[in-house]
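Okay, so here's the structure we're looking at.
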There are 2 protein chains.
Amino acid sequence: MFDPTPILAGDRHALARLLTQIENAEVSAAEALAALFAQTGRAHVIGVTGAPGCGKSSLVNALARVLRRAGRTVAIVAVDPSSPFTGGALLGDRLRMRDLAGDPGVFIRSTASRGALGGLARTTADMAAALDAAGFEKILIETVGAGQAEVDIASTAQTVLVIEAPGLGDDVQAIKAGILEVADVLVVNKADQPNAENAVRALRGLIEMAAEGRAAPETAGWKPPILQTVATEGRGAEELATAIEQHRDYLLSSGVMHTRERQRLRHELTARLRDLLLDKLVTRLGDGHFEMAVEKMLARELDPGSAARQLARDA
Amino acid sequence: MFDPTPILAGDRHALARLLTQIENAEVSAAEALAALFAQTGRAHVIGVTGAPGCGKSSLVNALARVLRRAGRTVAIVAVDPSSPFTGGALLGDRLRMRDLAGDPGVFIRSTASRGALGGLARTTADMAAALDAAGFEKILIETVGAGQAEVDIASTAQTVLVIEAPGLGDDVQAIKAGILEVADVLVVNKADQPNAENAVRALRGLIEMAAEGRAAPETAGWKPPILQTVATEGRGAEELATAIEQHRDYLLSSGVMHTRERQRLRHELTARLRDLLLDKLVTRLGDGHFEMAVEKMLARELDPGSAARQLARDA
């Protein structure tokens with residue numbers, strides 16, 4: 001049986017061990033998360049994404065410092081969905097975060113996964129839940145890039161920050177439309193560069209296009225602000241923290257927070273039920289029936305839909 | 001009831017209609033695919049991916065021309081996983097493909113989806129199945145970029161081409177390690193540019209690193225070749241077609257083709273069973289039980305794993 005006491009009492013080693021178990025998808029992690037579940041749902045989870053070179057890590061650091069000055073505890077999870085080669089970049093980020101690392105109110109973790117995409121979003125959400133249960137008030141999830149992987153990971157957050165910087169080349173390349181649709185706060189970092197205004201204008205245009213495409217009418221009450229920062233000097237970080245707080249206030253007062261949390265839990269229950277029901281079926285039928293259906297499909301004697309219906313009926 | 005005769009007889013309008021139904025995830029598409037399933041499994045599905053600007057579309061065209069000269073029928077599916085804004089680029093590709101479009105042995109289709117990622121890979125696989133049943137011998141699936149979305153889509157192909165070009169900036173950026181792990185044939189396009197040799201060398205280094213990370217020992221018998229092409233002049237396209245054919249021969253003679261097809265069908269059966277079993281459970285229990293469990297989870301009275309087990313037991 002998993003004992004949640006050390007983690008709830010702030011034992012950082014116990015927390016780090018749990019995060020590793022989550023990363024490795026160990027059975028013990030599922031047990032621990034079930035036991036900690038009652039203590040979750042209190043943290044503010046903030047996703048931060050943007051193209052490489054936009055100064056994302058510096059901005060996360062600057063933001064963490066502002067949050068610490070305001071007395072909040074902060075956890076940072078740096079996620080790299082693009083395989084092991086970029087481990088160096090994450091290491092660099094970690095080194096840059098060294099000034100925060102001695103602070104007991106800060107917890108920093110890097111993670112990279114070669115697993116399936118859904119797997120990485122799941123891992124990130126589970127890590128956020130563990131940090132939430134451990135009492136961290138602000139959880140910053142930092143992802144590299146702006147592809148679908150980042151959209152999925154960002155979607156596990158309550159507030160999504162998208163960072164842009166002037167001069168990263170074609171803006172439509174650097175910042176994909178898909179990520180703008182889930183953005184709650186936009187930041188043009190390196191705003192001391194001459195072409196920062198162009199980046200702001202380009203973003204404003206893209207936001208208006210994305211707003212038309214926004215699927216959820218629930219978010220109609222929030223218009224993503226565009227902020228300008230110079231992360232290396234900490235400029236604009238206070239204003240950014242304020243905008244993030246305003247977004248949380250909006251989520252709470254509008255009821256959107258509650259709606260999304262219900263949706264999230266419904267999805268999770270559905271996913272778990274699917275797996276559980278399949279496991280039960282395979283246990284009941286034995287592998288034989290299943291493999292026989294696969295052989296018939298291979299021989300093109302049975303199509304996949306009919307095969308599934310037969311197996312479900314036989315159970 | 002769906003009548004497969006027109007599609008099997010080569011009716012292009014019927015085929016185009018079915019592809020649209022697949023794109024829109026209409027119920028009729030599932031019925032049609034079930035009816036056509038017996039006629040699938042004959043085409044060679046080739047995934048083509050690479051960073052924007054590498055000349056991927058020109059290369060696909062050049063390859064299609066070579067395949068046509070060899071008497072093969074060719075279908076091209078251009079997939080853009082990154083939302084509606086890039087519709088222009090796809091349109092541009094279509095215009096460039098105009099020289100192929102009058103040929104009855106060629107079928108060209110663009111698709112973009114805003115749906116979930118798994119959804120897009122699924123859509124692409126279903127489109128390939130429809131084109132396969134319609135008798136196209138070579139199906140080229142072209143995706144933009146080299147992110148996780150492209151890896152997933154490429155994974156539905158039997159042979160995966162990854163295209164690089166000199167001077168697209170940092171090679172490790174332009175071509176992500178994740179896609180190299182699924183690459184079967186590598187191409188440096190624009191090989192008439194001065195720094196083409198550097199790109200070849202960089203790729204060779206990356207391949208060796210990726211080879212160490214290759215999960216499947218089954219692919220040990222194939223070493224991805226690196227070819228050089230100048231797509232706009234058709235240079236190297238014959239050699240590329242030969243390398244693709246050699247990969248297919250390897251897949252067939254080694255038995256890997258059969259192993260992968262079995263794996264693919266097993267996954268499909270599993271996915272369908274999961275959905276079907278959940279539907280049956282919800283129908284049997286009614287929405288009430290499910291929603292009550294969600295409410296208890298929201299109140300943190302019940303963790304998701306226990307909720308799923310209770311529902312599965314009650315059924």
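Naming scheme: A, B, ... for chains in displayed order of the structure tokens; residues 1 onward per chain; ligands 1 onward as shown.
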Could you list, as a short mmCIF file (atom, residue, chain, number, x, y, z; two decimals) with N, CA, C and O atoms, in the first residue's frame, every residue within 12 Å of Thr229 of chain A, counting only C-alpha atoms and ignoring same-chain residues fewer than 6 positions away?
```cif
data_model
loop_
_atom_site.label_atom_id
_atom_site.label_comp_id
_atom_site.auth_asym_id
_atom_site.auth_seq_id
_atom_site.Cartn_x
_atom_site.Cartn_y
_atom_site.Cartn_z
N CYS A 54 12.80 31.51 -28.45
CA CYS A 54 11.95 32.64 -28.06
C CYS A 54 12.25 33.11 -26.63
O CYS A 54 11.68 34.10 -26.17
N GLY A 55 13.13 32.41 -25.94
CA GLY A 55 13.47 32.81 -24.58
C GLY A 55 12.51 32.28 -23.54
O GLY A 55 12.36 32.86 -22.46
N LYS A 56 11.88 31.18 -23.86
CA LYS A 56 10.86 30.59 -23.00
C LYS A 56 11.36 30.25 -21.60
O LYS A 56 10.71 30.58 -20.60
N SER A 58 13.98 31.44 -19.96
CA SER A 58 14.28 32.66 -19.19
C SER A 58 13.00 33.26 -18.67
O SER A 58 12.93 33.75 -17.54
N LEU A 59 11.95 33.23 -19.48
CA LEU A 59 10.68 33.82 -19.07
C LEU A 59 10.05 33.01 -17.94
O LEU A 59 9.49 33.59 -16.99
N VAL A 60 10.14 31.69 -18.04
CA VAL A 60 9.61 30.84 -16.97
C VAL A 60 10.35 31.15 -15.67
O VAL A 60 9.73 31.27 -14.60
N ALA A 62 11.87 34.00 -14.86
CA ALA A 62 11.49 35.34 -14.41
C ALA A 62 10.11 35.30 -13.74
O ALA A 62 9.88 35.91 -12.69
N LEU A 63 9.22 34.53 -14.34
CA LEU A 63 7.87 34.40 -13.81
C LEU A 63 7.90 33.69 -12.46
O LEU A 63 7.21 34.11 -11.50
N ILE A 163 4.50 31.93 -26.17
CA ILE A 163 5.57 32.92 -26.25
C ILE A 163 6.06 33.04 -27.69
O ILE A 163 6.27 32.03 -28.36
N GLU A 164 6.23 34.26 -28.13
CA GLU A 164 6.77 34.53 -29.46
C GLU A 164 7.95 35.49 -29.25
O GLU A 164 8.05 36.13 -28.19
N ALA A 165 8.82 35.58 -30.24
CA ALA A 165 9.89 36.58 -30.18
C ALA A 165 10.07 37.16 -31.57
O ALA A 165 9.79 36.47 -32.56
N PRO A 166 10.50 38.41 -31.67
CA PRO A 166 10.70 39.00 -33.00
C PRO A 166 11.83 38.27 -33.72
O PRO A 166 12.76 37.76 -33.09
N LEU A 186 -0.79 35.76 -24.48
CA LEU A 186 0.29 35.76 -25.46
C LEU A 186 1.39 36.71 -25.02
O LEU A 186 1.11 37.78 -24.48
N VAL A 187 2.62 36.31 -25.28
CA VAL A 187 3.76 37.12 -24.87
C VAL A 187 4.71 37.29 -26.05
O VAL A 187 5.06 36.30 -26.70
N VAL A 188 5.08 38.55 -26.33
CA VAL A 188 6.20 38.78 -27.24
C VAL A 188 7.41 39.07 -26.36
O VAL A 188 7.49 40.12 -25.72
N ASN A 189 8.29 38.11 -26.29
CA ASN A 189 9.51 38.27 -25.49
C ASN A 189 10.58 38.95 -26.35
O ASN A 189 10.40 39.10 -27.55
N LYS A 190 11.69 39.34 -25.74
CA LYS A 190 12.74 40.10 -26.43
C LYS A 190 12.15 41.37 -27.05
O LYS A 190 12.46 41.74 -28.20
N ALA A 191 11.26 42.02 -26.28
CA ALA A 191 10.51 43.16 -26.79
C ALA A 191 11.37 44.40 -26.95
O ALA A 191 10.91 45.44 -27.43
N ASP A 192 12.66 44.32 -26.55
CA ASP A 192 13.56 45.45 -26.77
C ASP A 192 14.16 45.40 -28.18
O ASP A 192 14.89 46.30 -28.56
N GLN A 193 13.87 44.36 -28.93
CA GLN A 193 14.39 44.29 -30.29
C GLN A 193 13.55 45.17 -31.21
O GLN A 193 12.35 45.34 -31.00
N ALA A 196 9.92 44.24 -32.63
CA ALA A 196 8.95 43.67 -31.69
C ALA A 196 7.52 44.07 -32.05
O ALA A 196 6.60 43.26 -31.95
N VAL A 200 4.06 41.82 -32.54
CA VAL A 200 2.79 42.07 -31.84
C VAL A 200 1.65 42.18 -32.85
O VAL A 200 0.59 41.58 -32.68
N ARG A 235 11.91 42.30 -17.23
CA ARG A 235 10.93 43.33 -17.60
C ARG A 235 9.62 42.71 -18.08
O ARG A 235 9.62 41.81 -18.92
N GLY A 236 8.50 43.17 -17.52
CA GLY A 236 7.19 42.68 -17.94
C GLY A 236 6.74 41.44 -17.20
O GLY A 236 5.60 40.98 -17.39
N ALA A 237 7.59 40.88 -16.35
CA ALA A 237 7.25 39.62 -15.68
C ALA A 237 6.12 39.82 -14.66
O ALA A 237 5.25 38.96 -14.50
N GLU A 238 6.14 40.99 -13.96
CA GLU A 238 5.06 41.31 -13.00
C GLU A 238 3.72 41.37 -13.73
O GLU A 238 2.72 40.79 -13.29
N GLU A 239 3.71 42.09 -14.86
CA GLU A 239 2.47 42.25 -15.64
C GLU A 239 1.99 40.88 -16.14
O GLU A 239 0.79 40.62 -16.17
N LEU A 240 2.95 40.05 -16.51
CA LEU A 240 2.58 38.71 -16.98
C LEU A 240 1.92 37.91 -15.85
O LEU A 240 0.88 37.26 -16.06
N ALA A 241 2.51 37.97 -14.66
CA ALA A 241 1.93 37.27 -13.51
C ALA A 241 0.51 37.77 -13.23
O ALA A 241 -0.39 36.99 -12.92
#
```
**Request:** May I have all residues of segment 191-249 of chain B that DSSP, computed from the backbone, assigns to strand (DSSP E or B), given as a PyMOL selection string?
**Result:** chain B and resi 226-228+230+235
Selected residues written out, all heavy atoms, as a PDB file, in the first residue's frame:
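See result03.pdb below for the written result:
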```
ATOM      1  N   ILE B 226      20.924   6.940 -48.027  1.00  0.00           N
ATOM      2  CA  ILE B 226      20.777   8.387 -48.191  1.00  0.00           C
ATOM      3  C   ILE B 226      20.964   8.721 -49.665  1.00  0.00           C
ATOM      4  O   ILE B 226      22.043   8.506 -50.220  1.00  0.00           O
ATOM      5  CB  ILE B 226      21.826   9.150 -47.352  1.00  0.00           C
ATOM      6  CG1 ILE B 226      21.753   8.718 -45.885  1.00  0.00           C
ATOM      7  CG2 ILE B 226      21.608  10.666 -47.472  1.00  0.00           C
ATOM      8  CD1 ILE B 226      22.796   9.376 -44.997  1.00  0.00           C
ATOM      9  N   LEU B 227      19.905   9.219 -50.304  1.00  0.00           N
ATOM     10  CA  LEU B 227      19.973   9.548 -51.731  1.00  0.00           C
ATOM     11  C   LEU B 227      20.041  11.053 -51.929  1.00  0.00           C
ATOM     12  O   LEU B 227      19.624  11.818 -51.055  1.00  0.00           O
ATOM     13  CB  LEU B 227      18.760   8.982 -52.456  1.00  0.00           C
ATOM     14  CG  LEU B 227      18.836   7.475 -52.725  1.00  0.00           C
ATOM     15  CD1 LEU B 227      18.391   6.699 -51.504  1.00  0.00           C
ATOM     16  CD2 LEU B 227      18.003   7.105 -53.931  1.00  0.00           C
ATOM     17  N   GLN B 228      20.574  11.470 -53.080  1.00  0.00           N
ATOM     18  CA  GLN B 228      20.613  12.891 -53.407  1.00  0.00           C
ATOM     19  C   GLN B 228      19.776  13.147 -54.654  1.00  0.00           C
ATOM     20  O   GLN B 228      19.881  12.402 -55.633  1.00  0.00           O
ATOM     21  CB  GLN B 228      22.060  13.349 -53.618  1.00  0.00           C
ATOM     22  CG  GLN B 228      22.911  13.137 -52.365  1.00  0.00           C
ATOM     23  CD  GLN B 228      24.291  13.772 -52.482  1.00  0.00           C
ATOM     24  OE1 GLN B 228      24.432  14.892 -52.964  1.00  0.00           O
ATOM     25  NE2 GLN B 228      25.297  13.058 -52.029  1.00  0.00           N
ATOM     26  N   VAL B 230      17.657  16.315 -57.257  1.00  0.00           N
ATOM     27  CA  VAL B 230      17.300  17.694 -57.610  1.00  0.00           C
ATOM     28  C   VAL B 230      15.904  17.573 -58.226  1.00  0.00           C
ATOM     29  O   VAL B 230      15.758  17.339 -59.432  1.00  0.00           O
ATOM     30  CB  VAL B 230      18.303  18.318 -58.592  1.00  0.00           C
ATOM     31  CG1 VAL B 230      17.921  19.786 -58.876  1.00  0.00           C
ATOM     32  CG2 VAL B 230      19.727  18.237 -58.040  1.00  0.00           C
ATOM     33  N   ARG B 235      16.233  14.982 -61.306  1.00  0.00           N
ATOM     34  CA  ARG B 235      17.485  14.239 -61.085  1.00  0.00           C
ATOM     35  C   ARG B 235      17.404  13.382 -59.832  1.00  0.00           C
ATOM     36  O   ARG B 235      17.014  13.862 -58.767  1.00  0.00           O
ATOM     37  CB  ARG B 235      18.674  15.195 -60.974  1.00  0.00           C
ATOM     38  CG  ARG B 235      19.340  15.451 -62.324  1.00  0.00           C
ATOM     39  CD  ARG B 235      20.285  16.628 -62.256  1.00  0.00           C
ATOM     40  NE  ARG B 235      21.305  16.494 -61.222  1.00  0.00           N
ATOM     41  CZ  ARG B 235      22.103  17.480 -60.846  1.00  0.00           C
ATOM     42  NH1 ARG B 235      21.978  18.682 -61.405  1.00  0.00           N
ATOM     43  NH2 ARG B 235      23.010  17.300 -59.921  1.00  0.00           N
TER      44      ARG B 235
END
```
I want to know what sits within 6 Å of Leu161 of chain A, based on only C-alpha atoms, with residues of the same chain fewer than 3 positions away left out; could you give that as a short mmCIF file (atom, residue, chain, number, x, y, z; two decimals) with N, CA and C atoms, in the first residue's frame?
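What ended up in out23.cif:
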```cif
data_model
loop_
_atom_site.label_atom_id
_atom_site.label_comp_id
_atom_site.auth_asym_id
_atom_site.auth_seq_id
_atom_site.Cartn_x
_atom_site.Cartn_y
_atom_site.Cartn_z
N GLY A 47 0.43 26.20 -18.60
CA GLY A 47 1.24 25.66 -19.69
C GLY A 47 1.98 26.79 -20.39
N VAL A 48 3.24 26.57 -20.71
CA VAL A 48 4.03 27.61 -21.39
C VAL A 48 4.68 26.98 -22.62
N ALA A 183 -4.43 29.29 -26.76
CA ALA A 183 -3.68 30.29 -25.99
C ALA A 183 -4.62 31.17 -25.16
N VAL A 185 -2.97 33.57 -22.85
CA VAL A 185 -2.16 34.78 -22.70
C VAL A 185 -1.02 34.68 -23.71
N LEU A 186 -0.79 35.76 -24.48
CA LEU A 186 0.29 35.76 -25.46
C LEU A 186 1.39 36.71 -25.02
#
```
**Request:** Tell me which protein, DNA and RNA residues are within 10 Å of segment 221-223 of chain B, counting only C-alpha atoms, leaving out same-chain ones fewer than 3 positions away, and put them as a list in words.
**Result:** Ala183, Asp184, Val185, Ile207, Glu208, Ala211, Pro217, Glu218, Ile226, Gln246, His247, Tyr250, Leu251, Ser254 and Val256 of chain B
**Asked** Which residues in segment 124-294 of chain B does DSSP call helix (DSSP H, G or I)? List them as a VMD selection string.
**Response** chain B and resid 124 to 133 148 to 154 171 to 174 177 to 180 196 to 213 217 to 221 231 to 233 237 to 254 256 to 285 287 to 294
**Asked** Rounded to one decimal in Å, what is the spacing between atom CA of Ala38 of chain B and atom CA of Leu19 of chain B?
**Response** 17.8 Å
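Of the listed residues (B:Ser253, B:Thr123, B:Gln310, B:Thr232), B:Gln310 comes nearest to Leu269 of chain A; the distances count only C-alpha atoms.
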**Asked** Quick one: residues within 12 Å of Glu295 of chain A, only C-alpha atoms counted, chain neighbours fewer than 5 positions away excluded, as a list of chain:residue names?
**Response**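 Answer for this query is A:Gly288, A:His289, A:Phe290, A:Arg300, A:Glu301, A:Leu302, A:Asp303, A:Pro304, A:Ala307, B:His258, B:Thr259, B:Glu261, B:Arg262, B:Gln263, B:Arg264, B:Leu265, B:Arg266, B:Leu269.
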Deliver the residues from the most recent selection as a file, using all heavy atoms, as a compact mmCIF listing (two decimals), in the first residue's frame.
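What landed in result-v1.txt:
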```txt
# COMPACT_ATOMS: atom_id res chain seq x y z
N GLY A 288 -6.88 -16.71 -27.50
CA GLY A 288 -7.19 -17.50 -28.70
C GLY A 288 -8.22 -16.87 -29.61
O GLY A 288 -7.97 -16.71 -30.81
N HIS A 289 -9.38 -16.49 -29.04
CA HIS A 289 -10.44 -15.89 -29.84
C HIS A 289 -9.95 -14.63 -30.53
O HIS A 289 -10.26 -14.37 -31.70
CB HIS A 289 -11.64 -15.51 -28.96
CG HIS A 289 -12.53 -16.65 -28.65
ND1 HIS A 289 -12.18 -17.67 -27.81
CD2 HIS A 289 -13.79 -16.94 -29.09
CE1 HIS A 289 -13.17 -18.53 -27.73
NE2 HIS A 289 -14.16 -18.12 -28.50
N PHE A 290 -9.21 -13.82 -29.78
CA PHE A 290 -8.73 -12.55 -30.29
C PHE A 290 -7.78 -12.79 -31.46
O PHE A 290 -7.92 -12.21 -32.53
CB PHE A 290 -8.03 -11.79 -29.15
CG PHE A 290 -7.68 -10.39 -29.49
CD1 PHE A 290 -8.60 -9.37 -29.33
CD2 PHE A 290 -6.41 -10.07 -29.97
CE1 PHE A 290 -8.28 -8.07 -29.65
CE2 PHE A 290 -6.08 -8.77 -30.28
CZ PHE A 290 -7.01 -7.76 -30.12
N ARG A 300 -8.27 -11.36 -44.94
CA ARG A 300 -9.34 -10.54 -45.54
C ARG A 300 -10.68 -11.28 -45.58
O ARG A 300 -11.51 -11.03 -46.44
CB ARG A 300 -8.95 -10.07 -46.97
CG ARG A 300 -7.73 -9.11 -47.05
CD ARG A 300 -7.87 -7.97 -46.13
NE ARG A 300 -6.94 -6.86 -46.31
CZ ARG A 300 -5.87 -6.62 -45.54
NH1 ARG A 300 -5.50 -7.47 -44.61
NH2 ARG A 300 -5.17 -5.51 -45.72
N GLU A 301 -10.87 -12.20 -44.63
CA GLU A 301 -12.15 -12.92 -44.55
C GLU A 301 -13.13 -12.18 -43.64
O GLU A 301 -14.33 -12.46 -43.63
CB GLU A 301 -11.94 -14.33 -43.98
CG GLU A 301 -11.20 -15.25 -44.93
CD GLU A 301 -10.66 -16.49 -44.21
OE1 GLU A 301 -11.05 -16.73 -43.05
OE2 GLU A 301 -9.84 -17.21 -44.82
N LEU A 302 -12.61 -11.25 -42.84
CA LEU A 302 -13.43 -10.58 -41.83
C LEU A 302 -12.92 -9.15 -41.71
O LEU A 302 -11.72 -8.93 -41.58
CB LEU A 302 -13.23 -11.33 -40.49
CG LEU A 302 -14.12 -10.97 -39.32
CD1 LEU A 302 -15.58 -11.32 -39.63
CD2 LEU A 302 -13.67 -11.74 -38.07
N ASP A 303 -13.85 -8.17 -41.76
CA ASP A 303 -13.39 -6.79 -41.62
C ASP A 303 -13.33 -6.42 -40.13
O ASP A 303 -13.97 -7.06 -39.29
CB ASP A 303 -14.31 -5.84 -42.39
CG ASP A 303 -15.65 -5.68 -41.73
OD1 ASP A 303 -16.54 -6.51 -42.01
OD2 ASP A 303 -15.81 -4.76 -40.91
N PRO A 304 -12.52 -5.41 -39.79
CA PRO A 304 -12.26 -5.09 -38.38
C PRO A 304 -13.54 -4.80 -37.58
O PRO A 304 -13.65 -5.22 -36.43
CB PRO A 304 -11.37 -3.85 -38.46
CG PRO A 304 -10.70 -3.94 -39.78
CD PRO A 304 -11.70 -4.58 -40.69
N ALA A 307 -15.36 -8.03 -36.88
CA ALA A 307 -14.57 -8.81 -35.93
C ALA A 307 -14.81 -8.33 -34.50
O ALA A 307 -15.03 -9.13 -33.59
CB ALA A 307 -13.08 -8.71 -36.28
N HIS B 258 4.50 -8.78 -43.30
CA HIS B 258 3.44 -9.58 -42.71
C HIS B 258 3.31 -9.30 -41.20
O HIS B 258 2.22 -9.11 -40.68
CB HIS B 258 3.74 -11.06 -42.95
CG HIS B 258 2.57 -11.95 -42.69
ND1 HIS B 258 1.44 -11.96 -43.47
CD2 HIS B 258 2.35 -12.86 -41.70
CE1 HIS B 258 0.58 -12.83 -42.99
NE2 HIS B 258 1.11 -13.40 -41.91
N THR B 259 4.45 -9.23 -40.52
CA THR B 259 4.46 -8.96 -39.08
C THR B 259 3.80 -7.62 -38.78
O THR B 259 2.99 -7.50 -37.86
CB THR B 259 5.92 -8.90 -38.56
OG1 THR B 259 6.63 -10.02 -39.07
CG2 THR B 259 5.96 -8.89 -37.05
N GLU B 261 1.72 -5.91 -40.70
CA GLU B 261 0.30 -5.91 -41.06
C GLU B 261 -0.51 -6.58 -39.95
O GLU B 261 -1.57 -6.10 -39.57
CB GLU B 261 0.12 -6.63 -42.40
CG GLU B 261 -1.32 -6.79 -42.85
CD GLU B 261 -2.01 -5.50 -43.24
OE1 GLU B 261 -1.39 -4.43 -43.12
OE2 GLU B 261 -3.19 -5.57 -43.65
N ARG B 262 0.01 -7.67 -39.40
CA ARG B 262 -0.68 -8.33 -38.29
C ARG B 262 -0.80 -7.38 -37.10
O ARG B 262 -1.85 -7.28 -36.47
CB ARG B 262 0.06 -9.61 -37.89
CG ARG B 262 -0.54 -10.25 -36.63
CD ARG B 262 0.16 -11.54 -36.23
NE ARG B 262 -0.36 -12.67 -36.98
CZ ARG B 262 0.37 -13.50 -37.71
NH1 ARG B 262 1.67 -13.32 -37.77
NH2 ARG B 262 -0.18 -14.49 -38.35
N GLN B 263 0.31 -6.69 -36.80
CA GLN B 263 0.34 -5.74 -35.68
C GLN B 263 -0.68 -4.63 -35.90
O GLN B 263 -1.41 -4.25 -34.99
CB GLN B 263 1.73 -5.12 -35.63
CG GLN B 263 2.30 -4.94 -34.25
CD GLN B 263 3.80 -4.75 -34.36
OE1 GLN B 263 4.28 -3.90 -35.11
NE2 GLN B 263 4.55 -5.52 -33.62
N ARG B 264 -0.70 -4.10 -37.13
CA ARG B 264 -1.61 -3.02 -37.47
C ARG B 264 -3.05 -3.46 -37.27
O ARG B 264 -3.85 -2.75 -36.67
CB ARG B 264 -1.38 -2.61 -38.93
CG ARG B 264 -2.00 -1.29 -39.34
CD ARG B 264 -1.73 -1.00 -40.82
NE ARG B 264 -2.41 -1.91 -41.71
CZ ARG B 264 -3.72 -1.87 -42.00
NH1 ARG B 264 -4.47 -0.95 -41.45
NH2 ARG B 264 -4.26 -2.73 -42.82
N LEU B 265 -3.39 -4.65 -37.74
CA LEU B 265 -4.76 -5.15 -37.63
C LEU B 265 -5.11 -5.44 -36.17
O LEU B 265 -6.24 -5.20 -35.74
CB LEU B 265 -4.95 -6.40 -38.50
CG LEU B 265 -4.92 -6.13 -40.01
CD1 LEU B 265 -4.95 -7.43 -40.78
CD2 LEU B 265 -6.09 -5.23 -40.42
N ARG B 266 -4.14 -5.92 -35.42
CA ARG B 266 -4.37 -6.19 -34.00
C ARG B 266 -4.70 -4.88 -33.27
O ARG B 266 -5.63 -4.81 -32.48
CB ARG B 266 -3.14 -6.86 -33.39
CG ARG B 266 -3.38 -7.42 -32.00
CD ARG B 266 -2.13 -8.08 -31.46
NE ARG B 266 -1.88 -9.39 -32.04
CZ ARG B 266 -0.71 -9.83 -32.48
NH1 ARG B 266 0.35 -9.05 -32.42
NH2 ARG B 266 -0.59 -11.03 -32.97
N LEU B 269 -8.22 -3.74 -34.26
CA LEU B 269 -9.25 -4.53 -33.58
C LEU B 269 -9.37 -4.10 -32.11
O LEU B 269 -10.48 -3.94 -31.59
CB LEU B 269 -8.90 -6.02 -33.69
CG LEU B 269 -9.90 -7.00 -33.07
CD1 LEU B 269 -11.29 -6.80 -33.66
CD2 LEU B 269 -9.45 -8.45 -33.28
```
**Request:** Enter the distance from atom CA of Leu252 of chain A to atom CA of Ile139 of chain A, in Å, rounded to one decimal.
**Result:**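 Atom-to-atom, atom CA of Leu252 of chain A and atom CA of Ile139 of chain A are spaced 17.2 Å apart.
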**Request:** Could you check how far atom CA of Gly234 of chain B sits from atom CA of Ala128 of chain B, in Å to one decimal?
**Result:**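 Distance between the two atoms: 25.7 Å.
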**Message:** Here is a test: counting only C-alpha atoms, which residue of B:Thr40, B:Asn195, B:Ser28, B:Thr49 is nearest to chain A?
**Reply:**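 Distance minimum relative to chain A lands on B:Thr40.
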**Message:** Please determine, counting only C-alpha atoms, which residue among A:Leu285, A:Val77, A:Leu276, A:Ala134 has the shortest atom-to-atom distance to chain B.
**Reply:** A:Leu276
**Message:** For a quick check of understanding, using only C-alpha atoms, which of B:Glu245, B:Glu233, B:Glu31, B:Asp132 has the smallest distance to chain A?
**Reply:**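 Closest candidate: B:Glu31.
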**Message:** Just want the 12 Å neighbourhood of Ala16 of chain A, counted on only C-alpha atoms, with same-chain residues fewer than 3 positions away dropped. Output as number ranges by chain.
**Reply:** A: 6-7, 10-13, 19-23, 29, 75, 77, 107-111, 127, 130-131, 134
